[in-house]
$ cat final-v1.cif   # mmCIF, N, CA and C atoms and all ligand atoms
data_final
loop_
_atom_site.label_atom_id
_atom_site.label_comp_id
_atom_site.auth_asym_id
_atom_site.auth_seq_id
_atom_site.Cartn_x
_atom_site.Cartn_y
_atom_site.Cartn_z
N MET X 1 32.84 18.77 15.67
CA MET X 1 34.17 19.42 15.80
C MET X 1 35.26 18.37 15.58
N THR X 2 36.03 18.53 14.54
CA THR X 2 36.98 17.48 14.17
C THR X 2 38.15 17.37 15.14
N ASP X 3 38.52 18.48 15.79
CA ASP X 3 39.68 18.41 16.67
C ASP X 3 39.30 18.27 18.14
N CYS X 4 38.04 17.89 18.41
CA CYS X 4 37.59 17.76 19.80
C CYS X 4 37.67 16.30 20.24
N ILE X 5 38.37 16.08 21.34
CA ILE X 5 38.61 14.72 21.82
C ILE X 5 37.30 14.03 22.23
N PHE X 6 36.36 14.80 22.80
CA PHE X 6 35.10 14.17 23.22
C PHE X 6 34.19 13.89 22.02
N CYS X 7 34.25 14.73 20.99
CA CYS X 7 33.52 14.43 19.75
C CYS X 7 34.08 13.14 19.14
N LYS X 8 35.38 12.96 19.25
CA LYS X 8 36.00 11.73 18.72
C LYS X 8 35.55 10.52 19.53
N ILE X 9 35.37 10.70 20.83
CA ILE X 9 34.86 9.61 21.68
C ILE X 9 33.43 9.29 21.27
N VAL X 10 32.61 10.33 21.06
CA VAL X 10 31.21 10.13 20.62
C VAL X 10 31.18 9.36 19.30
N ALA X 11 32.07 9.73 18.39
CA ALA X 11 32.10 9.11 17.06
C ALA X 11 32.70 7.70 17.09
N GLY X 12 33.32 7.33 18.23
CA GLY X 12 33.94 6.01 18.34
C GLY X 12 35.35 5.99 17.74
N ASP X 13 35.89 7.16 17.41
CA ASP X 13 37.25 7.21 16.85
C ASP X 13 38.31 7.04 17.94
N ILE X 14 37.93 7.36 19.19
CA ILE X 14 38.81 7.14 20.34
C ILE X 14 38.03 6.24 21.29
N PRO X 15 38.66 5.18 21.80
CA PRO X 15 37.92 4.28 22.69
C PRO X 15 37.62 4.94 24.04
N SER X 16 36.54 4.51 24.67
CA SER X 16 36.21 5.00 26.01
C SER X 16 35.44 3.91 26.74
N SER X 17 35.43 4.01 28.06
CA SER X 17 34.68 3.05 28.88
C SER X 17 33.30 3.62 29.10
N LYS X 18 32.37 3.25 28.20
CA LYS X 18 31.04 3.84 28.21
C LYS X 18 30.16 3.26 29.32
N ILE X 19 29.48 4.16 30.00
CA ILE X 19 28.57 3.77 31.08
C ILE X 19 27.13 3.83 30.59
N LEU X 20 26.79 4.89 29.89
CA LEU X 20 25.42 5.08 29.41
C LEU X 20 25.46 5.88 28.11
N GLU X 21 24.73 5.40 27.14
CA GLU X 21 24.61 6.17 25.89
C GLU X 21 23.13 6.25 25.53
N THR X 22 22.65 7.47 25.33
CA THR X 22 21.28 7.68 24.86
C THR X 22 21.37 8.46 23.55
N GLU X 23 20.23 8.86 23.05
CA GLU X 23 20.22 9.64 21.81
C GLU X 23 21.03 10.94 21.96
N ASN X 24 20.96 11.51 23.17
CA ASN X 24 21.55 12.85 23.38
C ASN X 24 22.79 12.88 24.26
N THR X 25 22.96 11.85 25.08
CA THR X 25 23.94 11.89 26.16
C THR X 25 24.92 10.74 26.07
N LEU X 26 26.16 11.02 26.48
CA LEU X 26 27.12 9.93 26.67
C LEU X 26 27.77 10.12 28.03
N ALA X 27 27.86 9.01 28.78
CA ALA X 27 28.56 9.01 30.06
C ALA X 27 29.66 7.96 29.99
N PHE X 28 30.87 8.35 30.37
CA PHE X 28 32.01 7.43 30.27
C PHE X 28 33.01 7.73 31.38
N LEU X 29 33.86 6.74 31.68
CA LEU X 29 34.85 6.92 32.75
C LEU X 29 35.87 7.98 32.37
N ASP X 30 36.18 8.87 33.32
CA ASP X 30 37.30 9.80 33.13
C ASP X 30 38.60 8.98 33.10
N ILE X 31 39.44 9.28 32.15
CA ILE X 31 40.68 8.51 31.96
C ILE X 31 41.66 8.70 33.12
N SER X 32 41.49 9.79 33.85
CA SER X 32 42.40 10.12 34.95
C SER X 32 41.56 10.46 36.19
N PRO X 33 40.99 9.44 36.82
CA PRO X 33 39.96 9.68 37.85
C PRO X 33 40.50 10.29 39.15
N VAL X 34 39.71 11.19 39.71
CA VAL X 34 40.00 11.70 41.05
C VAL X 34 39.86 10.55 42.04
N ASN X 35 38.77 9.83 41.95
CA ASN X 35 38.56 8.55 42.64
C ASN X 35 38.04 7.56 41.60
N LYS X 36 38.26 6.28 41.82
CA LYS X 36 37.79 5.28 40.85
C LYS X 36 36.28 5.35 40.73
N GLY X 37 35.79 5.39 39.51
CA GLY X 37 34.36 5.54 39.27
C GLY X 37 33.99 6.96 38.87
N HIS X 38 34.99 7.82 38.72
CA HIS X 38 34.80 9.21 38.26
C HIS X 38 34.29 9.14 36.81
N VAL X 39 33.10 9.70 36.60
CA VAL X 39 32.44 9.61 35.29
C VAL X 39 32.26 11.01 34.70
N LEU X 40 32.38 11.11 33.39
CA LEU X 40 32.08 12.35 32.67
C LEU X 40 30.76 12.16 31.93
N VAL X 41 29.91 13.17 32.00
CA VAL X 41 28.61 13.13 31.31
C VAL X 41 28.59 14.30 30.33
N ILE X 42 28.33 13.99 29.06
CA ILE X 42 28.38 15.04 28.03
C ILE X 42 27.15 14.99 27.12
N PRO X 43 26.77 16.14 26.57
CA PRO X 43 25.84 16.09 25.44
C PRO X 43 26.64 15.57 24.25
N LYS X 44 26.06 14.69 23.44
CA LYS X 44 26.83 14.14 22.32
C LYS X 44 27.16 15.22 21.29
N GLU X 45 26.26 16.17 21.18
CA GLU X 45 26.51 17.29 20.26
C GLU X 45 27.53 18.23 20.91
N HIS X 46 28.36 18.85 20.08
CA HIS X 46 29.42 19.71 20.62
C HIS X 46 28.91 21.09 21.05
N TYR X 47 29.01 21.37 22.33
CA TYR X 47 28.80 22.72 22.87
C TYR X 47 29.95 22.97 23.83
N GLU X 48 30.38 24.23 23.93
CA GLU X 48 31.57 24.49 24.74
C GLU X 48 31.30 24.54 26.24
N THR X 49 30.27 25.27 26.62
CA THR X 49 30.04 25.50 28.05
C THR X 49 28.57 25.28 28.38
N LEU X 50 28.28 25.32 29.67
CA LEU X 50 26.91 25.12 30.16
C LEU X 50 25.90 26.00 29.42
N THR X 51 26.23 27.28 29.30
CA THR X 51 25.25 28.22 28.75
C THR X 51 25.08 28.09 27.24
N ASP X 52 25.97 27.36 26.60
CA ASP X 52 25.82 27.12 25.16
C ASP X 52 24.81 26.00 24.87
N ILE X 53 24.56 25.16 25.86
CA ILE X 53 23.69 23.99 25.64
C ILE X 53 22.23 24.45 25.67
N PRO X 54 21.46 24.14 24.61
CA PRO X 54 20.05 24.53 24.63
C PRO X 54 19.32 23.89 25.83
N ASP X 55 18.35 24.64 26.37
CA ASP X 55 17.66 24.21 27.60
C ASP X 55 17.06 22.80 27.51
N ASP X 56 16.41 22.50 26.39
CA ASP X 56 15.76 21.19 26.25
C ASP X 56 16.78 20.06 26.34
N LEU X 57 17.90 20.26 25.67
CA LEU X 57 18.96 19.25 25.68
C LEU X 57 19.58 19.15 27.07
N LEU X 58 19.82 20.30 27.69
CA LEU X 58 20.44 20.32 29.01
C LEU X 58 19.61 19.53 30.02
N SER X 59 18.29 19.68 29.95
CA SER X 59 17.46 18.98 30.93
C SER X 59 17.54 17.47 30.71
N LEU X 60 17.68 17.03 29.45
CA LEU X 60 17.83 15.59 29.20
C LEU X 60 19.19 15.08 29.71
N VAL X 61 20.22 15.87 29.49
CA VAL X 61 21.56 15.48 29.94
C VAL X 61 21.60 15.40 31.47
N VAL X 62 20.99 16.39 32.12
CA VAL X 62 21.00 16.41 33.59
C VAL X 62 20.20 15.23 34.15
N LYS X 63 19.11 14.90 33.47
CA LYS X 63 18.31 13.73 33.89
C LYS X 63 19.15 12.44 33.80
N ASP X 64 19.90 12.32 32.71
CA ASP X 64 20.77 11.14 32.56
C ASP X 64 21.90 11.18 33.59
N MET X 65 22.42 12.37 33.86
CA MET X 65 23.49 12.50 34.86
C MET X 65 23.01 12.03 36.23
N LYS X 66 21.77 12.36 36.55
CA LYS X 66 21.20 11.96 37.84
C LYS X 66 21.16 10.43 37.94
N LYS X 67 20.74 9.80 36.84
CA LYS X 67 20.67 8.34 36.79
C LYS X 67 22.07 7.73 37.00
N VAL X 68 23.06 8.31 36.33
CA VAL X 68 24.42 7.78 36.43
C VAL X 68 25.00 8.04 37.82
N ALA X 69 24.67 9.18 38.42
CA ALA X 69 25.18 9.49 39.76
C ALA X 69 24.72 8.43 40.77
N VAL X 70 23.47 8.00 40.64
CA VAL X 70 22.95 6.95 41.53
C VAL X 70 23.74 5.66 41.30
N ALA X 71 23.97 5.33 40.03
CA ALA X 71 24.71 4.10 39.69
C ALA X 71 26.14 4.15 40.23
N VAL X 72 26.78 5.33 40.13
CA VAL X 72 28.15 5.49 40.63
C VAL X 72 28.18 5.26 42.14
N MET X 73 27.23 5.88 42.84
CA MET X 73 27.14 5.72 44.31
C MET X 73 26.99 4.24 44.68
N MET X 74 26.07 3.56 43.99
CA MET X 74 25.78 2.16 44.32
C MET X 74 27.00 1.28 44.01
N ALA X 75 27.56 1.46 42.82
CA ALA X 75 28.62 0.57 42.37
C ALA X 75 29.92 0.76 43.14
N THR X 76 30.22 2.01 43.50
CA THR X 76 31.50 2.27 44.19
C THR X 76 31.33 2.25 45.71
N LYS X 77 30.09 2.14 46.17
CA LYS X 77 29.78 2.20 47.60
C LYS X 77 30.32 3.50 48.21
N ALA X 78 30.18 4.57 47.43
CA ALA X 78 30.65 5.88 47.88
C ALA X 78 29.76 6.41 49.00
N ASP X 79 30.34 7.31 49.79
CA ASP X 79 29.57 7.98 50.85
C ASP X 79 28.88 9.23 50.32
N GLY X 80 29.34 9.70 49.17
CA GLY X 80 28.78 10.91 48.58
C GLY X 80 29.38 11.12 47.21
N TYR X 81 29.06 12.22 46.60
CA TYR X 81 29.67 12.50 45.30
C TYR X 81 29.63 14.00 45.03
N ASN X 82 30.59 14.45 44.24
CA ASN X 82 30.59 15.83 43.75
C ASN X 82 30.17 15.83 42.29
N ILE X 83 29.34 16.82 41.95
CA ILE X 83 29.08 17.13 40.54
C ILE X 83 29.86 18.41 40.27
N GLN X 84 30.76 18.36 39.32
CA GLN X 84 31.54 19.56 39.00
C GLN X 84 31.50 19.82 37.51
N MET X 85 31.42 21.09 37.18
CA MET X 85 31.53 21.48 35.78
C MET X 85 32.46 22.67 35.69
N ASN X 86 33.54 22.53 34.95
CA ASN X 86 34.46 23.63 34.75
C ASN X 86 34.08 24.34 33.46
N ASN X 87 33.82 25.62 33.56
CA ASN X 87 33.44 26.41 32.39
C ASN X 87 34.50 27.46 32.11
N TYR X 88 35.13 27.38 30.96
CA TYR X 88 36.20 28.25 30.50
C TYR X 88 37.53 27.88 31.18
N ALA X 89 38.61 28.22 30.48
CA ALA X 89 39.95 27.82 30.93
C ALA X 89 40.28 28.33 32.33
N SER X 90 39.83 29.54 32.64
CA SER X 90 40.17 30.12 33.95
C SER X 90 39.56 29.32 35.10
N ALA X 91 38.50 28.56 34.79
CA ALA X 91 37.86 27.72 35.80
C ALA X 91 38.36 26.28 35.72
N GLY X 92 39.37 26.06 34.89
CA GLY X 92 39.97 24.73 34.83
C GLY X 92 39.47 23.86 33.68
N GLN X 93 38.68 24.42 32.77
CA GLN X 93 38.20 23.61 31.64
C GLN X 93 39.35 23.39 30.66
N VAL X 94 39.67 22.14 30.45
CA VAL X 94 40.75 21.77 29.54
C VAL X 94 40.17 21.26 28.22
N VAL X 95 39.13 20.43 28.33
CA VAL X 95 38.46 19.93 27.13
C VAL X 95 37.26 20.84 26.86
N MET X 96 37.27 21.49 25.70
CA MET X 96 36.27 22.53 25.43
C MET X 96 34.99 21.95 24.81
N HIS X 97 34.59 20.81 25.30
CA HIS X 97 33.29 20.20 24.97
C HIS X 97 32.61 20.06 26.33
N ALA X 98 31.50 20.77 26.53
CA ALA X 98 30.86 20.85 27.84
C ALA X 98 30.70 19.46 28.48
N HIS X 99 31.05 19.35 29.75
CA HIS X 99 30.95 18.05 30.44
C HIS X 99 30.79 18.25 31.93
N PHE X 100 30.05 17.34 32.52
CA PHE X 100 29.89 17.29 33.98
C PHE X 100 30.76 16.17 34.51
N HIS X 101 31.42 16.44 35.63
CA HIS X 101 32.16 15.39 36.34
C HIS X 101 31.25 14.85 37.44
N ILE X 102 31.18 13.53 37.56
CA ILE X 102 30.59 12.90 38.75
C ILE X 102 31.75 12.22 39.47
N VAL X 103 32.08 12.73 40.65
CA VAL X 103 33.24 12.19 41.39
C VAL X 103 32.75 11.52 42.67
N PRO X 104 32.86 10.19 42.74
CA PRO X 104 32.46 9.52 43.98
C PRO X 104 33.39 9.93 45.12
N ARG X 105 32.82 10.13 46.30
CA ARG X 105 33.61 10.57 47.45
C ARG X 105 33.48 9.59 48.62
N PHE X 106 34.56 9.46 49.33
CA PHE X 106 34.63 8.50 50.44
C PHE X 106 35.12 9.23 51.68
N LYS X 107 34.56 8.85 52.83
CA LYS X 107 35.01 9.48 54.07
C LYS X 107 36.52 9.37 54.17
N GLY X 108 37.18 10.49 54.44
CA GLY X 108 38.63 10.49 54.63
C GLY X 108 39.42 10.32 53.35
N ASP X 109 38.80 10.58 52.18
CA ASP X 109 39.58 10.41 50.93
C ASP X 109 40.59 11.54 50.71
N GLY X 110 40.54 12.53 51.59
CA GLY X 110 41.62 13.53 51.61
C GLY X 110 41.44 14.71 50.69
N PHE X 111 40.38 14.72 49.89
CA PHE X 111 40.17 15.86 49.00
C PHE X 111 39.40 16.95 49.73
N GLU X 112 39.92 18.14 49.69
CA GLU X 112 39.27 19.27 50.33
C GLU X 112 38.42 20.01 49.30
N LEU X 113 37.38 20.68 49.77
CA LEU X 113 36.66 21.59 48.88
C LEU X 113 37.40 22.91 48.89
N TRP X 114 37.08 23.80 47.95
CA TRP X 114 37.80 25.07 47.89
C TRP X 114 37.53 25.90 49.13
N PRO X 115 38.51 26.72 49.54
CA PRO X 115 38.36 27.51 50.76
C PRO X 115 37.39 28.68 50.58
N GLY X 116 36.72 29.07 51.66
CA GLY X 116 35.82 30.22 51.62
C GLY X 116 36.54 31.49 52.01
N ARG X 117 36.19 32.61 51.39
CA ARG X 117 36.74 33.91 51.76
C ARG X 117 35.66 34.71 52.49
N GLU X 118 36.00 35.94 52.86
CA GLU X 118 35.01 36.77 53.55
C GLU X 118 34.73 38.02 52.74
N TYR X 119 33.50 38.55 52.89
CA TYR X 119 33.17 39.85 52.29
C TYR X 119 33.55 40.95 53.27
N GLU X 120 34.00 42.08 52.72
CA GLU X 120 34.16 43.28 53.53
C GLU X 120 32.76 43.77 53.91
N CYS X 121 32.70 44.67 54.89
CA CYS X 121 31.41 45.21 55.31
C CYS X 121 30.71 45.91 54.13
N GLY X 122 29.47 45.50 53.83
CA GLY X 122 28.69 46.13 52.77
C GLY X 122 28.96 45.57 51.37
N GLU X 123 30.01 44.78 51.26
CA GLU X 123 30.43 44.29 49.93
C GLU X 123 29.43 43.28 49.37
N ALA X 124 28.89 42.42 50.25
CA ALA X 124 27.96 41.38 49.79
C ALA X 124 26.74 42.02 49.12
N GLU X 125 26.25 43.12 49.71
CA GLU X 125 25.07 43.80 49.14
C GLU X 125 25.38 44.32 47.73
N SER X 126 26.58 44.91 47.58
CA SER X 126 26.93 45.46 46.28
C SER X 126 27.13 44.35 45.24
N VAL X 127 27.75 43.24 45.66
CA VAL X 127 27.93 42.09 44.75
C VAL X 127 26.56 41.52 44.38
N MET X 128 25.69 41.40 45.39
CA MET X 128 24.33 40.89 45.15
C MET X 128 23.60 41.77 44.12
N ASP X 129 23.69 43.08 44.31
CA ASP X 129 23.01 44.00 43.38
C ASP X 129 23.57 43.87 41.96
N ASP X 130 24.91 43.77 41.86
CA ASP X 130 25.54 43.63 40.54
C ASP X 130 25.04 42.38 39.83
N ILE X 131 24.99 41.27 40.56
CA ILE X 131 24.59 40.00 39.93
C ILE X 131 23.10 40.03 39.61
N LYS X 132 22.31 40.53 40.56
CA LYS X 132 20.85 40.58 40.32
C LYS X 132 20.52 41.38 39.07
N SER X 133 21.28 42.45 38.85
CA SER X 133 20.98 43.29 37.68
C SER X 133 21.33 42.60 36.37
N GLU X 134 22.11 41.53 36.44
CA GLU X 134 22.50 40.78 35.23
C GLU X 134 21.61 39.56 34.99
N VAL X 135 20.72 39.23 35.96
CA VAL X 135 19.85 38.06 35.79
C VAL X 135 18.81 38.39 34.71
N LYS X 136 18.83 37.60 33.63
CA LYS X 136 17.91 37.88 32.51
C LYS X 136 16.72 36.92 32.54
P1 LIG R 1 38.16 19.55 32.49
O1 LIG R 1 39.37 20.00 33.21
O2 LIG R 1 38.10 20.03 31.06
O3 LIG R 1 36.89 19.85 33.26
O4 LIG R 1 38.24 17.97 32.49
C1 LIG R 1 38.58 17.20 31.39
C2 LIG R 1 38.62 15.77 31.86
O5 LIG R 1 38.67 14.93 30.72
C3 LIG R 1 39.81 15.43 32.74
O6 LIG R 1 39.38 14.98 34.00
C4 LIG R 1 40.56 14.36 31.94
O7 LIG R 1 41.10 13.34 32.76
C5 LIG R 1 39.49 13.83 31.01
N1 LIG R 1 40.00 13.35 29.74
C6 LIG R 1 40.86 14.01 28.90
N2 LIG R 1 41.09 13.26 27.80
C7 LIG R 1 40.36 12.14 27.94
C8 LIG R 1 40.19 10.99 27.10
O8 LIG R 1 40.76 10.85 26.01
N3 LIG R 1 39.36 10.02 27.57
C9 LIG R 1 38.70 10.13 28.76
N4 LIG R 1 37.90 9.11 29.12
N5 LIG R 1 38.84 11.19 29.56
C10 LIG R 1 39.67 12.19 29.16
ZN ZN R 2 33.24 18.13 20.97
#

$ encode --input "final-v1.cif" --output "structure tokens"
Amino acid sequence: MTDCIFCKIVAGDIPSSKILETENTLAFLDISPVNKGHVLVIPKEHYETLTDIPDDLLSLVVKDMKKVAVAVMMATKADGYNIQMNNYASAGQVVMHAHFHIVPRFKGDGFELWPGREYECGEAESVMDDIKSEVK
């Protein structure tokens, strides 16, 4: 994809702070980190969202992500980490080349997780049925 910023990073047309590069995967520092050590992990080939990535490739990318997550924890001395993936604009995806965020987390770093809501009586069962019927 010629107009994709992450494809340009893969091609070396835009510089990046590379952490790990394999045949299929690239991991590099997010330019605007939530916490220092925030890494993005991408398939080098252009796919837009999680479900666009072929299963074989996805498993290799996730395996590499696991390796990098351990390295991030060790290097930043984090207490934990979030793995986040935004899929589609409504979920906050800005760069339309599928990517996982690894965000190192520290006790008291002040970031909250999203708030939980409640189901009305009987609503959870109906939502469960709707989703179950779509599982292919
Ligand atoms: P999204 O909201 O699409 O899940 O996240 C895109 C991420 O890519 C953001 O966290 C943003 O800081 C990062 N990003 C955008 N442009 C660049 C870039 O040119 N280089 C790097 N290293 N990260 C970028
Ligand atoms: Zn791309």

$ residues_around --input "final-v1.cif" --residues "Ile31 of chain X" --least-positions-apart "3" --cutoff "9 Å" --atoms "only C-alpha atoms" --output "mmCIF file with N, CA and C atoms, in the frame of the given file"
data_model
loop_
_atom_site.group_PDB
_atom_site.id
_atom_site.type_symbol
_atom_site.label_atom_id
_atom_site.label_comp_id
_atom_site.auth_asym_id
_atom_site.auth_seq_id
_atom_site.Cartn_x
_atom_site.Cartn_y
_atom_site.Cartn_z
ATOM 1 N N SER X 16 36.540 4.510 24.670
ATOM 2 C CA SER X 16 36.210 5.000 26.010
ATOM 3 C C SER X 16 35.440 3.910 26.740
ATOM 4 N N SER X 17 35.430 4.010 28.060
ATOM 5 C CA SER X 17 34.680 3.050 28.880
ATOM 6 C C SER X 17 33.300 3.620 29.100
ATOM 7 N N PHE X 28 30.870 8.350 30.370
ATOM 8 C CA PHE X 28 32.010 7.430 30.270
ATOM 9 C C PHE X 28 33.010 7.730 31.380
ATOM 10 N N HIS X 38 34.990 7.820 38.720
ATOM 11 C CA HIS X 38 34.800 9.210 38.260
ATOM 12 C C HIS X 38 34.290 9.140 36.810
ATOM 13 N N VAL X 39 33.100 9.700 36.600
ATOM 14 C CA VAL X 39 32.440 9.610 35.290
ATOM 15 C C VAL X 39 32.260 11.010 34.700
#

$ residues_around --input "final-v1.cif" --residues "segment 45-58 of chain X" --least-positions-apart "6" --cutoff "8 Å" --atoms "only N, CA and C atoms" --output "VMD selection string"
chain X and resid 1 6 to 7 10 23 to 26 64 85 to 88 95 to 99

$ atom_distance --input "final-v1.cif" --atom1 "atom CA of Lys136 of chain X" --atom2 "atom CA of Ser90 of chain X"
23.6 Å

$ select_by_dssp --input "final-v1.cif" --residues "segment 23-106 of chain X" --states "strand (DSSP E)" --output "ChimeraX atom specification"
/X:25-29,39-43,80-84,100-105

$ axis_aligned_box --input "final-v1.cif" --around "ligand LIG 1 (chain R)" --padding-each-side "5 Å" --output "AutoDock Vina command-line options"
--center_x 39.0 --center_y 14.6 --center_z 30.0 --size_x 14.2 --size_y 20.9 --size_z 18.0

$ select_by_dssp --input "final-v1.cif" --residues "chain X" --states "helix (DSSP H, G or I)" --output "MDAnalysis selection string"
chainID X and resid 5:11 50:52 55:76 89:91 123:134

$ atom_distance --input "final-v1.cif" --atom1 "atom CA of Glu118 of chain X" --atom2 "atom N of Gly92 of chain X"
22.0 Å

$ atom_distance --input "final-v1.cif" --atom1 "atom N3 of ligand LIG 1 (chain R)" --atom2 "atom CA of Asp109 of chain X"
23.4 Å
